Every structure is written in structure tokens, then in C-alpha cells.
$ cat target.cif   # mmCIF, C-alpha atoms and all ligand atoms
data_model
loop_
_atom_site.label_atom_id
_atom_site.label_comp_id
_atom_site.auth_asym_id
_atom_site.auth_seq_id
_atom_site.Cartn_x
_atom_site.Cartn_y
_atom_site.Cartn_z
CA MET A 19 -6.81 -21.01 14.99
CA THR A 20 -10.14 -21.17 13.25
CA GLN A 21 -11.04 -24.60 11.92
CA PHE A 22 -12.31 -23.96 8.43
CA GLU A 23 -15.04 -26.01 6.78
CA ASN A 24 -15.72 -26.34 3.11
CA SER A 25 -19.42 -25.43 3.09
CA LEU A 26 -21.65 -22.48 2.34
CA GLU A 27 -23.27 -22.95 5.72
CA PHE A 28 -19.88 -22.48 7.43
CA ALA A 29 -19.17 -19.35 5.35
CA HIS A 30 -22.49 -17.92 6.43
CA ARG A 31 -21.73 -18.68 10.08
CA MET A 32 -18.42 -16.81 9.73
CA ASP A 33 -20.23 -13.86 8.17
CA ALA A 34 -22.80 -13.85 10.97
CA ASP A 35 -19.96 -13.62 13.51
CA ASP A 36 -18.11 -10.90 11.58
CA GLY A 37 -18.06 -7.67 13.58
CA LEU A 38 -17.08 -5.74 10.45
CA LYS A 39 -19.76 -6.97 8.08
CA ARG A 40 -21.70 -3.68 8.25
CA PHE A 41 -18.93 -2.00 6.26
CA ARG A 42 -19.68 -3.81 3.01
CA ASP A 43 -22.77 -1.64 2.57
CA ARG A 44 -20.65 1.49 2.72
CA PHE A 45 -19.08 0.62 -0.64
CA ALA A 46 -20.43 0.64 -4.19
CA MET A 47 -20.11 -2.89 -5.57
CA PRO A 48 -19.92 -3.02 -9.40
CA LEU A 49 -22.43 -5.15 -11.29
CA SER A 50 -21.58 -7.64 -13.99
CA ALA A 51 -23.37 -7.86 -17.36
CA ASP A 52 -26.13 -10.05 -15.89
CA GLY A 53 -26.98 -7.38 -13.32
CA ASN A 54 -25.58 -9.28 -10.31
CA GLU A 55 -22.85 -7.95 -8.07
CA VAL A 56 -19.40 -9.08 -9.14
CA LEU A 57 -17.08 -11.00 -6.84
CA TYR A 58 -14.53 -8.22 -6.40
CA PHE A 59 -11.03 -9.35 -5.43
CA THR A 60 -8.92 -6.53 -6.84
CA GLY A 61 -8.83 -4.14 -3.92
CA ASN A 62 -5.05 -4.54 -4.31
CA SER A 63 -5.31 -2.71 -7.61
CA LEU A 64 -8.18 -0.26 -7.19
CA GLY A 65 -10.30 -0.25 -4.05
CA LEU A 66 -14.06 0.18 -4.26
CA MET A 67 -15.67 3.58 -3.92
CA PRO A 68 -16.98 4.44 -0.47
CA LYS A 69 -20.52 5.74 -0.97
CA THR A 70 -19.70 8.81 1.14
CA VAL A 71 -17.10 9.98 -1.41
CA ARG A 72 -19.73 11.77 -3.45
CA SER A 73 -20.86 14.02 -0.60
CA TYR A 74 -17.28 14.75 0.47
CA VAL A 75 -16.34 15.83 -3.05
CA GLU A 76 -19.62 17.71 -3.50
CA GLN A 77 -18.92 19.73 -0.37
CA GLU A 78 -15.73 21.08 -1.93
CA LEU A 79 -17.43 21.66 -5.29
CA ALA A 80 -20.17 23.61 -3.53
CA ASP A 81 -17.64 25.74 -1.68
CA TRP A 82 -15.70 26.38 -4.85
CA GLU A 83 -18.95 27.35 -6.57
CA LYS A 84 -20.03 29.71 -3.76
CA LEU A 85 -16.75 31.03 -2.42
CA ALA A 86 -14.13 30.70 -5.13
CA VAL A 87 -10.83 32.03 -3.76
CA GLU A 88 -12.35 32.68 -0.34
CA GLY A 89 -12.62 28.90 0.03
CA HIS A 90 -8.96 28.73 0.97
CA MET A 91 -9.89 30.32 4.30
CA ASN A 92 -13.67 30.08 4.54
CA ALA A 93 -14.70 26.77 3.03
CA LYS A 94 -16.34 24.45 5.54
CA ASN A 95 -13.02 22.60 5.42
CA PRO A 96 -10.58 25.41 4.64
CA TRP A 97 -8.45 24.34 1.66
CA LEU A 98 -5.33 25.98 3.01
CA ARG A 99 -5.15 23.33 5.74
CA TYR A 100 -7.00 20.57 3.95
CA HIS A 101 -4.17 18.00 4.00
CA GLU A 102 -4.02 18.34 7.79
CA PHE A 103 -7.54 16.91 8.07
CA LEU A 104 -6.16 13.60 6.78
CA THR A 105 -2.92 13.39 8.71
CA GLU A 106 -4.01 11.80 11.95
CA GLN A 107 -6.11 9.07 10.37
CA MET A 108 -3.45 8.32 7.79
CA ALA A 109 -0.81 8.14 10.50
CA ALA A 110 -2.95 5.60 12.38
CA VAL A 111 -3.23 3.41 9.28
CA VAL A 112 0.56 3.05 8.96
CA GLY A 113 1.43 3.14 12.67
CA ALA A 114 3.11 6.53 12.62
CA MET A 115 2.99 9.77 14.56
CA PRO A 116 1.22 12.68 12.86
CA ILE A 117 4.50 14.58 12.50
CA GLU A 118 5.87 11.59 10.59
CA THR A 119 3.03 11.47 8.07
CA VAL A 120 1.86 13.53 5.14
CA VAL A 121 -0.61 12.98 2.32
CA MET A 122 0.79 14.40 -0.91
CA ASN A 123 1.61 13.74 -4.58
CA SER A 124 1.63 10.12 -5.69
CA LEU A 125 3.74 7.12 -4.78
CA THR A 126 6.61 7.26 -7.25
CA VAL A 127 6.90 11.03 -6.91
CA ASN A 128 7.16 10.66 -3.13
CA LEU A 129 9.71 7.90 -3.56
CA HIS A 130 11.89 10.21 -5.62
CA LEU A 131 11.52 13.09 -3.17
CA LEU A 132 12.49 10.97 -0.18
CA MET A 133 15.37 9.32 -2.02
CA VAL A 134 16.75 12.76 -2.82
CA SER A 135 17.00 13.24 0.95
CA PHE A 136 17.82 9.78 2.21
CA PHE A 137 19.76 8.10 -0.57
CA GLN A 138 23.20 9.59 -0.02
CA PRO A 139 25.74 7.06 -1.31
CA THR A 140 29.43 7.45 -0.49
CA SER A 141 32.50 5.74 -1.90
CA GLU A 142 32.51 3.38 1.13
CA ALA A 143 28.78 2.72 0.96
CA PRO A 144 27.64 2.89 -2.68
CA PHE A 145 25.28 -0.14 -2.76
CA VAL A 146 21.50 -0.18 -2.98
CA MET A 147 19.42 -3.25 -2.13
CA ILE A 148 15.99 -4.01 -3.64
CA GLU A 149 13.94 -7.10 -4.49
CA LYS A 150 14.57 -8.81 -7.80
CA GLY A 151 11.40 -8.32 -9.81
CA ALA A 152 10.43 -5.25 -7.79
CA PHE A 153 7.48 -3.25 -9.10
CA PRO A 154 8.83 -1.63 -12.28
CA SER A 155 8.23 1.94 -11.12
CA ASP A 156 10.37 1.33 -8.02
CA GLN A 157 13.11 -0.26 -10.11
CA TYR A 158 13.11 2.67 -12.56
CA ALA A 159 13.08 5.24 -9.75
CA VAL A 160 15.96 3.59 -7.87
CA GLU A 161 18.13 3.02 -10.95
CA SER A 162 17.58 6.57 -12.19
CA GLN A 163 18.64 8.00 -8.83
CA MET A 164 21.71 5.78 -8.82
CA LYS A 165 22.65 7.10 -12.24
CA CYS A 166 22.22 10.68 -10.99
CA HIS A 167 24.88 9.81 -8.39
CA GLY A 168 27.13 8.34 -11.09
CA LEU A 169 26.54 4.76 -9.92
CA ASP A 170 26.08 1.98 -12.46
CA PRO A 171 23.18 -0.21 -11.27
CA ARG A 172 24.84 -3.25 -12.89
CA GLN A 173 27.66 -2.83 -10.41
CA PHE A 174 26.00 -1.38 -7.32
CA LEU A 175 22.39 -2.61 -7.31
CA ILE A 176 21.90 -5.72 -5.16
CA GLU A 177 18.72 -7.58 -6.15
CA LEU A 178 17.47 -10.05 -3.55
CA ALA A 179 16.22 -13.22 -5.22
CA PRO A 180 14.47 -16.30 -3.80
CA ARG A 181 16.46 -19.51 -3.52
CA ASP A 182 16.30 -21.82 -6.52
CA GLY A 183 12.92 -23.48 -6.70
CA GLU A 184 11.33 -21.05 -4.23
CA ALA A 185 8.93 -18.22 -4.99
CA THR A 186 9.54 -15.97 -1.99
CA LEU A 187 12.44 -14.63 0.08
CA GLY A 188 13.41 -15.88 3.53
CA THR A 189 14.00 -13.19 6.18
CA GLU A 190 17.18 -14.98 7.27
CA ASP A 191 18.48 -14.83 3.68
CA ILE A 192 17.70 -11.11 3.44
CA VAL A 193 19.45 -10.44 6.74
CA ALA A 194 22.44 -12.59 5.70
CA THR A 195 22.84 -10.59 2.48
CA ILE A 196 22.66 -7.33 4.43
CA GLU A 197 25.38 -8.61 6.77
CA GLU A 198 27.50 -9.68 3.83
CA TYR A 199 27.58 -6.04 2.65
CA ASP A 200 28.12 -4.62 6.13
CA GLY A 201 29.09 -0.95 5.96
CA GLN A 202 28.73 -0.77 2.18
CA ILE A 203 24.99 -0.26 1.68
CA ALA A 204 23.64 3.26 1.28
CA MET A 205 19.96 2.29 1.08
CA ILE A 206 17.65 -0.70 1.33
CA LEU A 207 14.28 -0.25 -0.37
CA LEU A 208 11.77 -3.08 -0.29
CA GLY A 209 8.04 -3.42 -0.73
CA GLY A 210 6.17 -3.96 2.54
CA VAL A 211 4.21 -6.60 0.64
CA ASN A 212 5.50 -7.85 -2.70
CA TYR A 213 2.88 -7.00 -5.31
CA TYR A 214 3.41 -10.23 -7.27
CA THR A 215 3.78 -12.96 -4.66
CA GLY A 216 1.83 -11.29 -1.85
CA GLN A 217 4.74 -11.89 0.54
CA ALA A 218 4.87 -9.51 3.52
CA PHE A 219 8.40 -8.76 4.69
CA ASP A 220 9.53 -8.64 8.29
CA MET A 221 10.06 -4.89 8.18
CA GLN A 222 11.21 -4.68 11.77
CA ALA A 223 13.93 -7.32 11.37
CA ILE A 224 15.06 -5.93 8.01
CA THR A 225 15.20 -2.38 9.38
CA ALA A 226 17.23 -3.50 12.39
CA ALA A 227 19.68 -5.45 10.21
CA GLY A 228 19.92 -2.53 7.76
CA HIS A 229 20.67 -0.04 10.50
CA LYS A 230 23.26 -2.36 12.00
CA ALA A 231 24.96 -2.44 8.60
CA GLY A 232 24.84 1.37 8.39
CA ALA A 233 22.11 1.62 5.74
CA ILE A 234 19.04 3.85 5.45
CA VAL A 235 15.95 1.66 5.23
CA GLY A 236 12.82 2.64 3.27
CA PHE A 237 9.67 0.73 2.34
CA ASP A 238 7.18 0.98 -0.47
CA LEU A 239 3.86 0.31 1.25
CA ALA A 240 1.71 0.27 -1.92
CA HIS A 241 0.42 -3.21 -1.06
CA ALA A 242 0.81 -2.91 2.71
CA ALA A 243 -1.02 0.30 3.65
CA GLY A 244 -4.58 -0.54 4.63
CA ASN A 245 -3.70 -4.24 4.44
CA LEU A 246 -1.20 -5.05 7.21
CA HIS A 247 -1.21 -3.74 10.76
CA LEU A 248 1.84 -1.53 10.29
CA LYS A 249 4.02 0.06 12.96
CA MET A 250 6.36 2.26 10.97
CA HIS A 251 7.42 4.33 13.96
CA ASP A 252 8.08 1.45 16.36
CA TRP A 253 9.86 -0.55 13.67
CA ASP A 254 12.20 2.42 13.32
CA VAL A 255 11.89 2.60 9.51
CA ASP A 256 13.60 5.69 8.06
CA PHE A 257 11.08 6.51 5.36
CA ALA A 258 8.14 5.00 3.51
CA VAL A 259 5.82 5.88 0.65
CA TRP A 260 2.49 4.49 -0.50
CA CYS A 261 -0.41 5.03 -2.84
CA CYS A 262 -4.01 5.35 -1.64
CA TYR A 263 -6.01 3.93 -4.54
CA LYS A 264 -5.35 0.27 -3.69
CA TYR A 265 -6.42 -0.99 -0.24
CA LEU A 266 -7.02 2.58 0.92
CA ASN A 267 -9.94 3.10 -1.47
CA GLY A 268 -9.03 6.71 -2.24
CA GLY A 269 -10.08 6.47 -5.90
CA PRO A 270 -8.23 6.44 -9.23
CA GLY A 271 -5.09 8.54 -9.07
CA ALA A 272 -5.61 9.16 -5.34
CA VAL A 273 -3.10 11.33 -3.52
CA GLY A 274 -0.26 9.28 -2.03
CA GLY A 275 1.31 9.14 1.41
CA ALA A 276 4.77 9.55 2.87
CA PHE A 277 6.38 8.69 6.19
CA VAL A 278 9.59 10.18 7.57
CA HIS A 279 10.69 8.92 10.97
CA GLU A 280 10.53 11.46 13.77
CA ARG A 281 14.27 11.23 14.29
CA HIS A 282 14.72 12.92 10.90
CA ALA A 283 11.97 15.51 11.52
CA ARG A 284 14.31 18.40 12.24
CA LYS A 285 17.18 17.61 9.92
CA PHE A 286 16.63 20.81 8.01
CA ASP A 287 19.94 20.56 6.21
CA LEU A 288 19.02 17.32 4.40
CA CYS A 289 19.16 17.67 0.65
CA ARG A 290 15.58 18.21 -0.49
CA MET A 291 13.42 19.46 -3.33
CA ALA A 292 11.88 22.58 -1.88
CA GLY A 293 8.53 24.18 -2.68
CA TRP A 294 6.27 26.63 -0.93
CA TRP A 295 3.95 24.04 0.64
CA GLY A 296 6.88 22.63 2.60
CA HIS A 297 7.68 26.07 3.96
CA ASP A 298 6.90 27.20 7.49
CA LYS A 299 3.14 27.83 7.65
CA GLU A 300 3.45 30.98 9.76
CA THR A 301 5.50 32.81 7.17
CA ARG A 302 4.50 31.07 3.92
CA PHE A 303 2.39 33.98 2.71
CA GLN A 304 5.00 36.58 3.48
CA MET A 305 6.42 35.19 0.26
CA GLY A 306 10.01 35.69 1.35
CA PRO A 307 12.92 34.41 -0.74
CA GLU A 308 14.39 32.07 1.89
CA PHE A 309 13.03 28.49 2.26
CA LYS A 310 12.34 27.48 5.85
CA PRO A 311 11.14 23.85 5.89
CA LEU A 312 8.40 22.65 8.21
CA PRO A 313 9.50 20.04 10.73
CA GLY A 314 8.50 16.46 9.95
CA ALA A 315 7.01 14.88 6.84
CA GLU A 316 5.10 18.06 5.93
CA GLY A 317 8.43 19.69 5.16
CA TRP A 318 8.69 17.51 2.03
CA GLN A 319 5.54 18.98 0.46
CA ILE A 320 6.16 21.03 -2.65
CA SER A 321 2.87 22.21 -4.11
CA ASN A 322 -0.59 23.03 -2.87
CA PRO A 323 -2.58 19.79 -3.02
CA PRO A 324 -5.57 18.59 -5.11
CA ILE A 325 -8.54 19.23 -2.81
CA LEU A 326 -11.09 17.13 -4.73
CA GLN A 327 -8.84 14.06 -4.57
CA MET A 328 -8.10 14.72 -0.92
CA ALA A 329 -11.84 14.90 -0.22
CA ALA A 330 -12.35 11.43 -1.72
CA LEU A 331 -9.51 10.00 0.33
CA ARG A 332 -10.79 11.67 3.46
CA ALA A 333 -14.14 9.90 3.08
CA SER A 334 -12.28 6.59 2.93
CA LEU A 335 -9.97 7.31 5.87
CA GLU A 336 -13.02 7.99 8.05
CA ILE A 337 -14.03 4.39 7.42
CA PHE A 338 -10.58 3.08 8.33
CA ALA A 339 -10.66 5.12 11.53
CA GLU A 340 -14.02 3.64 12.44
CA ALA A 341 -13.06 0.03 11.68
CA GLY A 342 -9.46 0.21 12.97
CA MET A 343 -6.51 -1.66 11.46
CA PRO A 344 -6.25 -4.26 14.27
CA ALA A 345 -9.84 -5.45 13.71
CA LEU A 346 -9.44 -5.31 9.93
CA ARG A 347 -6.27 -7.34 10.10
CA ALA A 348 -7.84 -9.93 12.42
CA LYS A 349 -10.69 -10.48 9.96
CA SER A 350 -8.30 -10.43 7.02
CA GLU A 351 -6.26 -13.32 8.42
CA LYS A 352 -9.40 -15.43 8.73
CA LEU A 353 -10.76 -14.45 5.32
CA THR A 354 -7.52 -15.23 3.50
CA GLY A 355 -6.96 -18.35 5.60
CA TYR A 356 -10.39 -19.53 4.51
CA LEU A 357 -9.60 -18.81 0.86
CA GLU A 358 -6.35 -20.75 1.20
CA SER A 359 -8.03 -23.75 2.79
CA LEU A 360 -10.62 -23.91 0.01
CA ILE A 361 -8.08 -23.52 -2.81
CA ASP A 362 -5.96 -26.26 -1.26
CA GLY A 363 -8.76 -28.70 -1.99
CA ILE A 364 -8.83 -27.88 -5.69
CA ALA A 365 -6.85 -29.30 -8.64
CA ALA A 366 -3.33 -29.25 -7.20
CA ASP A 367 -2.07 -30.48 -10.56
CA ARG A 368 -3.30 -27.29 -12.23
CA ILE A 369 -2.76 -24.53 -9.64
CA GLU A 370 -0.55 -23.71 -6.68
CA VAL A 371 -0.53 -20.85 -4.13
CA ILE A 372 2.90 -19.17 -4.15
CA THR A 373 2.13 -16.71 -1.33
CA PRO A 374 3.69 -17.74 2.00
CA ARG A 375 1.58 -20.13 4.09
CA ASP A 376 2.40 -18.31 7.31
CA PRO A 377 -0.26 -15.58 7.90
CA GLY A 378 2.51 -13.46 9.46
CA GLN A 379 4.24 -13.35 6.09
CA ARG A 380 1.39 -12.17 3.92
CA GLY A 381 -1.42 -9.67 3.68
CA CYS A 382 -4.85 -10.48 2.29
CA GLN A 383 -3.69 -11.38 -1.23
CA LEU A 384 -3.07 -14.92 -2.46
CA SER A 385 -1.16 -15.36 -5.69
CA ILE A 386 -2.24 -18.47 -7.52
CA ARG A 387 0.24 -19.86 -10.00
CA VAL A 388 -1.44 -21.55 -12.95
CA ARG A 389 0.75 -24.40 -14.12
CA GLY A 390 1.65 -24.03 -17.76
CA GLY A 391 0.70 -20.33 -17.63
CA ASP A 392 -2.73 -20.97 -19.10
CA ARG A 393 -4.36 -17.56 -19.20
CA SER A 394 -7.75 -18.95 -20.24
CA LEU A 395 -8.50 -19.79 -16.60
CA HIS A 396 -8.47 -16.11 -15.75
CA GLN A 397 -10.81 -15.42 -18.66
CA LYS A 398 -13.21 -18.12 -17.48
CA LEU A 399 -13.27 -16.59 -14.01
CA SER A 400 -14.02 -13.18 -15.50
CA ASP A 401 -16.85 -14.64 -17.54
CA ARG A 402 -18.35 -15.93 -14.30
CA GLY A 403 -18.31 -12.49 -12.66
CA VAL A 404 -15.05 -12.82 -10.73
CA VAL A 405 -12.86 -9.70 -10.80
CA SER A 406 -9.27 -10.83 -10.15
CA ASP A 407 -6.14 -10.06 -12.10
CA TRP A 408 -3.68 -11.86 -14.26
CA ARG A 409 0.05 -11.12 -13.96
CA GLU A 410 2.44 -12.45 -16.55
CA PRO A 411 3.72 -15.07 -16.87
CA ASP A 412 1.40 -17.31 -14.84
CA VAL A 413 -0.24 -15.76 -11.77
CA ILE A 414 -3.79 -14.87 -10.79
CA ARG A 415 -3.91 -12.49 -7.84
CA VAL A 416 -6.94 -12.71 -5.56
CA ALA A 417 -7.23 -10.22 -2.70
CA PRO A 418 -10.24 -10.56 -0.40
CA THR A 419 -10.36 -7.36 1.63
CA PRO A 420 -11.82 -7.27 5.13
CA LEU A 421 -13.79 -4.06 4.56
CA TYR A 422 -16.02 -5.27 1.77
CA ASN A 423 -15.45 -8.97 1.11
CA SER A 424 -17.32 -11.71 2.93
CA PHE A 425 -16.74 -15.37 3.64
CA ASP A 426 -19.64 -15.99 1.27
CA ASP A 427 -17.67 -14.20 -1.50
CA VAL A 428 -14.69 -16.43 -0.82
CA TYR A 429 -16.76 -19.59 -0.80
CA ARG A 430 -18.50 -18.70 -4.05
CA PHE A 431 -15.14 -17.88 -5.64
CA SER A 432 -13.80 -21.30 -4.71
CA GLU A 433 -16.82 -23.03 -6.23
CA ILE A 434 -16.41 -21.07 -9.47
CA LEU A 435 -12.69 -21.80 -9.52
CA LYS A 436 -13.40 -25.51 -9.07
CA GLU A 437 -15.88 -25.49 -11.96
CA CYS A 438 -13.52 -23.56 -14.21
CA LEU A 439 -10.80 -26.14 -13.58
CA ALA A 440 -13.08 -29.15 -14.01
C1 LIG B 501 0.94 0.28 -7.33
C2 LIG B 501 2.39 0.41 -7.13
C3 LIG B 501 3.09 1.55 -7.58
C4 LIG B 501 2.38 2.61 -8.38
O1 LIG B 501 3.06 3.82 -8.39
P1 LIG B 501 2.32 5.20 -8.69
O2 LIG B 501 3.38 6.19 -8.54
O3 LIG B 501 1.19 5.33 -7.71
O4 LIG B 501 1.78 5.14 -10.08
C5 LIG B 501 4.45 1.64 -7.31
N1 LIG B 501 5.09 0.67 -6.61
C6 LIG B 501 4.43 -0.43 -6.16
C7 LIG B 501 5.17 -1.48 -5.39
C8 LIG B 501 3.08 -0.59 -6.44
O5 LIG B 501 2.45 -1.70 -6.02
#
$ encode --input "target.cif" --output "C-alpha cells"
Amino acid sequence: MTQFENSLEFAHRMDADDGLKRFRDRFAMPLSADGNEVLYFTGNSLGLMPKTVRSYVEQELADWEKLAVEGHMNAKNPWLRYHEFLTEQMAAVVGAMPIETVVMNSLTVNLHLLMVSFFQPTSEAPFVMIEKGAFPSDQYAVESQMKCHGLDPRQFLIELAPRDGEATLGTEDIVATIEEYDGQIAMILLGGVNYYTGQAFDMQAITAAGHKAGAIVGFDLAHAAGNLHLKMHDWDVDFAVWCCYKYLNGGPGAVGGAFVHERHARKFDLCRMAGWWGHDKETRFQMGPEFKPLPGAEGWQISNPPILQMAALRASLEIFAEAGMPALRAKSEKLTGYLESLIDGIAADRIEVITPRDPGQRGCQLSIRVRGGDRSLHQKLSDRGVVSDWREPDVIRVAPTPLYNSFDDVYRFSEILKECLA
């Protein structure tokens, strides 16, 4: 355990010891109106642009310009196989095997595609389990799929809620609810990290309990990918989806990711939405009438992918490969622990951290509840060059990321927060 000290000198010592500090320079930091760099804490919403993105995208523009259709085969990075250039690095980020991983579409689209295959309710097992207050898109996607199966969400949707007076869910409570519905749950779908509270779930324990109860277990990794040190394969998760514009710095509207466990890789008879990009590569261009899916996650692709977006994401994944999730996570625990220790010293009558105290139960984000839901605090922070976000009814989310935030950033934030509350 690092002993944190409330001083700029300590923050600078931590930065001097930070083996990852060289990465900050690889990102474009926005400037505020006064021309100074902002204090950017919204990598959980849109990650900063890696400076290499421009050259990666320009390479594909240049090949399009010079080669046009020939670029599919003859571009420096042939477009026909472009998504494959991202697979290995993406797999490493989520702790998966390459055959389990594909970069395609966007998060909610991937969630629908994988639910079509893995959400197969029966009369014995019609229930679905999610978090109460799940991200709206997940809630809409799940309820719409239930309705397609003729299931009324009011009857068959189980929404896990914290105990009275608590902000986050206990793993033992989640497991107990799963056991209570033993044999009756078709699918459990939770966020890896809850977007609102910042709570990270024990995905391994939940998956084990879900499987024991006969359920398929999927995770939405929107706030977990590039944040936690994930082991989707070892944890035996059935499927997962994520977006790449948050911690993965893939840019606005970045292509998303999907994970399908290896044990499902060759279940070619699963119900699925077919399209030519999921078809066997060897025979795709014979243009035959019969769909022959690729083994693994690639078999869920439908359309040929957006190369310019993939190029941007590829630039970012190179950085993740160089830094490595274990090192990023180790720094992240210190950075967020430091933020927590500094906030704890400030105006407890006005604010409170609702994210779990245990570093094992959170990612980099801390959610600060403002008592009385006074939104003006968030405005004051913005006026001082802090980029954080406000979530109704009363939470400011602050996410120091290990790739481009420093201990100095965190210290300066805490000083500004203190002044805004004074
Ligand atoms: C960000 C986020 C989304 C966004 O979905 P898109 O399909 O990428 O627009 C969905 N679910 C969760 C939990 C998120 O945090």
C-alpha cells in the first residue's frame, strides 16, 4: 500500500516514479479558454486522441486516393483483412484469445447480435437479470429482445438493486439472487463497471454462479475495457461487448468490440444474423448462396467494416500493447487511490464518494455525490478548467486514466475542488 500525502511535492515524486509517464505526450490534450491545458477526467466518456491517429488515418486516405478499389488487396494494410490487424491487441486488452475477439459495429449493435445467439429463453428459464439503473441503451436492448420472445419485462426482468441506504451492489447479494432463481434464468447481463457508480463487478464469481444456475452470462464492458485488467477467457464469460471511444481512445463513434468464448466458437447452428463478412473467408468471394460462418467471434460480423475508424482505433491499440494492461492497472489503482485520499479530506458535509472503497471493486472512476444535488459545483469546476461530467440527479464522475493523467493532475483537481466548495 502506498502511503499518500496531501502535497504537490508528493504528487511530483509519484510522477517521477511513474514508469508510464512518457505516454501522456502521445495524446493531444485540449486547451481551455485561457490557453492552458485542461484537467481532463472524462476518458470514461471520450478518450483523448492519440497523436498517431492522424498518420494512421492518412495512410488509408492516401491508399484510397492512389489505389481506389485495388486498396482492398494492395493497400499497405489491405482493407480486406483490416479488422484482423486489430484482433490480437484487442484480445490482449480484454484477456481473450484472438479467436474469441472481433472489432466490429458499435456496442449496442453487438449486444443485439450476441443476444440473438445467446439469449434463448425457455418456459422453464424465462428470466433475465440486469442491474437496476443499467445504462439506458442496455435496458432498451434487453427489454426489446425480451418482447421479441413474447416475454413481458415487468414479469421476467430481474433488476438487481443495492440494499436500502447503499449505493452499490454486494457480490454476495448478486450471487444469492442468482441462486434464488436457480434453473429459471436464461441470461445475466451486467456492466463490467457500472457507468454511474464506478463499481466493478466480480465477473468471475458472477459468471460461476450464473453457470451453476444454468444461465448464459454476458457483460457490457463499456466502462471496463481499457480500464480493468480483464480475463474474459479465464473467467469463462459467455459473451461480452464494448465500445472503443471511452478508455480505449478510438475516437468519436469508434468501432466496437465483441467477445464470444472459445467454447461457443464452432456452434454453427446458433441462431444468428448472417452477413457476408461473417462468411468463410476462403469462399466469401465465390458469392455462393449458402452462408458458412467463420469459427469464433469473426463469424458474427455482418458487413465490411469502416476502415478509417479502424485505422484510428489501431493507432490507439498500439499504445495499449506497448503499455500493457497490468502496468496500466497498477498505476490506475495508485492514481485513483490518491484522488480518493485527497477528496476524503474535503468538505464531507457537501460531498461523498459513492464508488466502492475497495480498489478491487472499482476501475479508475470515482463518482462523487454532491449532497442536495447542487449542480453549480460542476459548473464551477468547469470554469476552472476541469473537464468532468455531471450525471443526474447528483453525481460528478471523475476518471483519472493511467495513460494520460498524472498525480499532479489529481492534486490540482483536489485543490480546485476544495476552493469551489469553500
Ligand atoms: C457508453 C455505453 C454505451 C453506449 O452504447 P453505444 O452503442 O456505443 O452508443 C452502452 N452501454 C454502456 C454501459 C455504456 O457505458
$ residues_around --input "target.cif" --residues "A:Lys299" --least-positions-apart "5" --cutoff "10 Å" --atoms "only C-alpha atoms" --output "list in words"
Leu98, Arg99, Trp294, Gln304, Lys310, Pro311 and Leu312 of chain A
$ residues_near_ligand --input "target.cif" --ligand "ligand LIG 501 (chain B)" --cutoff "6 Å" --atoms "only C-alpha atoms and all ligand atoms" --output "ChimeraX atom specification"
/A:124-126,153,155-156,209,213,238,240-241,261
$ closest_atom_pairs --input "target.cif" --of "stretch 27-142 of chain A" --to "stretch 404-415 of chain A" --cutoff "10 Å" --atoms "all atoms listed in the file" --output "CSV"
residue,atom,partner,partner_atom,distance
A:Pro48,CA,A:Val405,CA,9.8
A:Ser50,CA,A:Val404,CA,8.9
A:Glu55,CA,A:Val404,CA,9.6
A:Val56,CA,A:Val404,CA,6.0
A:Leu57,CA,A:Val404,CA,4.8
A:Tyr58,CA,A:Val405,CA,4.9
A:Phe59,CA,A:Ser406,CA,5.3
A:Thr60,CA,A:Ser406,CA,5.4
A:Gly61,CA,A:Ser406,CA,9.2
A:Asn62,CA,A:Arg415,CA,8.8
A:Ser63,CA,A:Asp407,CA,8.7
$ axis_aligned_box --input "target.cif" --around "stretch 392-396 of chain A" --padding-each-side "4 Å" --output "JSON"
{"center_x": -5.6, "center_y": -18.5, "center_z": -18.0, "size_x": 13.8, "size_y": 12.9, "size_z": 12.5}
$ residues_around --input "target.cif" --residues "A:Leu64" --least-positions-apart "4" --cutoff "8 Å" --atoms "all atoms listed in the file" --output "PDB file with C-alpha atoms, keeping the file's coordinate frame"
ATOM      1  CA  THR A  60      -8.920  -6.530  -6.840  1.00  0.00           C
ATOM      2  CA  TYR A 263      -6.010   3.930  -4.540  1.00  0.00           C
ATOM      3  CA  LYS A 264      -5.350   0.270  -3.690  1.00  0.00           C
ATOM      4  CA  TYR A 265      -6.420  -0.990  -0.240  1.00  0.00           C
ATOM      5  CA  ASN A 267      -9.940   3.100  -1.470  1.00  0.00           C
ATOM      6  CA  GLY A 269     -10.080   6.470  -5.900  1.00  0.00           C
ATOM      7  CA  PRO A 270      -8.230   6.440  -9.230  1.00  0.00           C
TER       8      PRO A 270
END
$ closest_residue --input "target.cif" --among "A:Met91, A:Ala243, A:Ala417, A:Val146" --to "A:Phe338" --atoms "only C-alpha atoms"
A:Ala243
$ closest_residue --input "target.cif" --among "A:Asp298, A:Glu280, A:Asp367, A:Glu149" --to "A:Gly210" --atoms "only C-alpha atoms"
A:Glu149
$ closest_residue --input "target.cif" --among "A:Gln222, A:Gln327, A:Ala159, A:Asp426" --to "A:Val134" --atoms "all atoms listed in the file"
A:Ala159
$ residues_near_point --input "target.cif" --point "(6.1, 19.2, 3.4)" --cutoff "10 Å" --atoms "all atoms listed in the file" --output "ChimeraX atom specification"
/A:119-122,276,291-298,311-322
$ closest_residue --input "target.cif" --among "A:Met305, A:Leu208, A:Met147, A:Ala348" --to "A:Met164" --atoms "all atoms listed in the file"
A:Met147
$ residues_near_point --input "target.cif" --point "(-20.9, -16.1, 6.0)" --cutoff "12 Å" --atoms "only C-alpha atoms" --output "list in words"
Phe22, Glu23, Asn24, Ser25, Leu26, Glu27, Phe28, Ala29, His30, Arg31, Met32, Asp33, Ala34, Asp35, Asp36, Gly37, Leu38, Lys39, Lys352, Leu353, Tyr356, Asn423, Ser424, Phe425, Asp426, Asp427, Val428, Tyr429 and Arg430 of chain A
$ residues_around --input "target.cif" --residues "A:Ser141" --least-positions-apart "2" --cutoff "12 Å" --atoms "only C-alpha atoms" --output "VMD selection string"
chain A and resid 138 to 139 143 to 145 167 to 169 174 201 to 204
$ closest_residue --input "target.cif" --among "A:Gly275, A:Gly65, A:Phe257, A:Pro324" --to "A:Pro418" --atoms "all atoms listed in the file"
A:Gly65
$ closest_residue --input "target.cif" --among "A:Leu335, A:Ala223, A:Leu384, A:Met328" --to "A:Thr419" --atoms "only C-alpha atoms"
A:Leu384
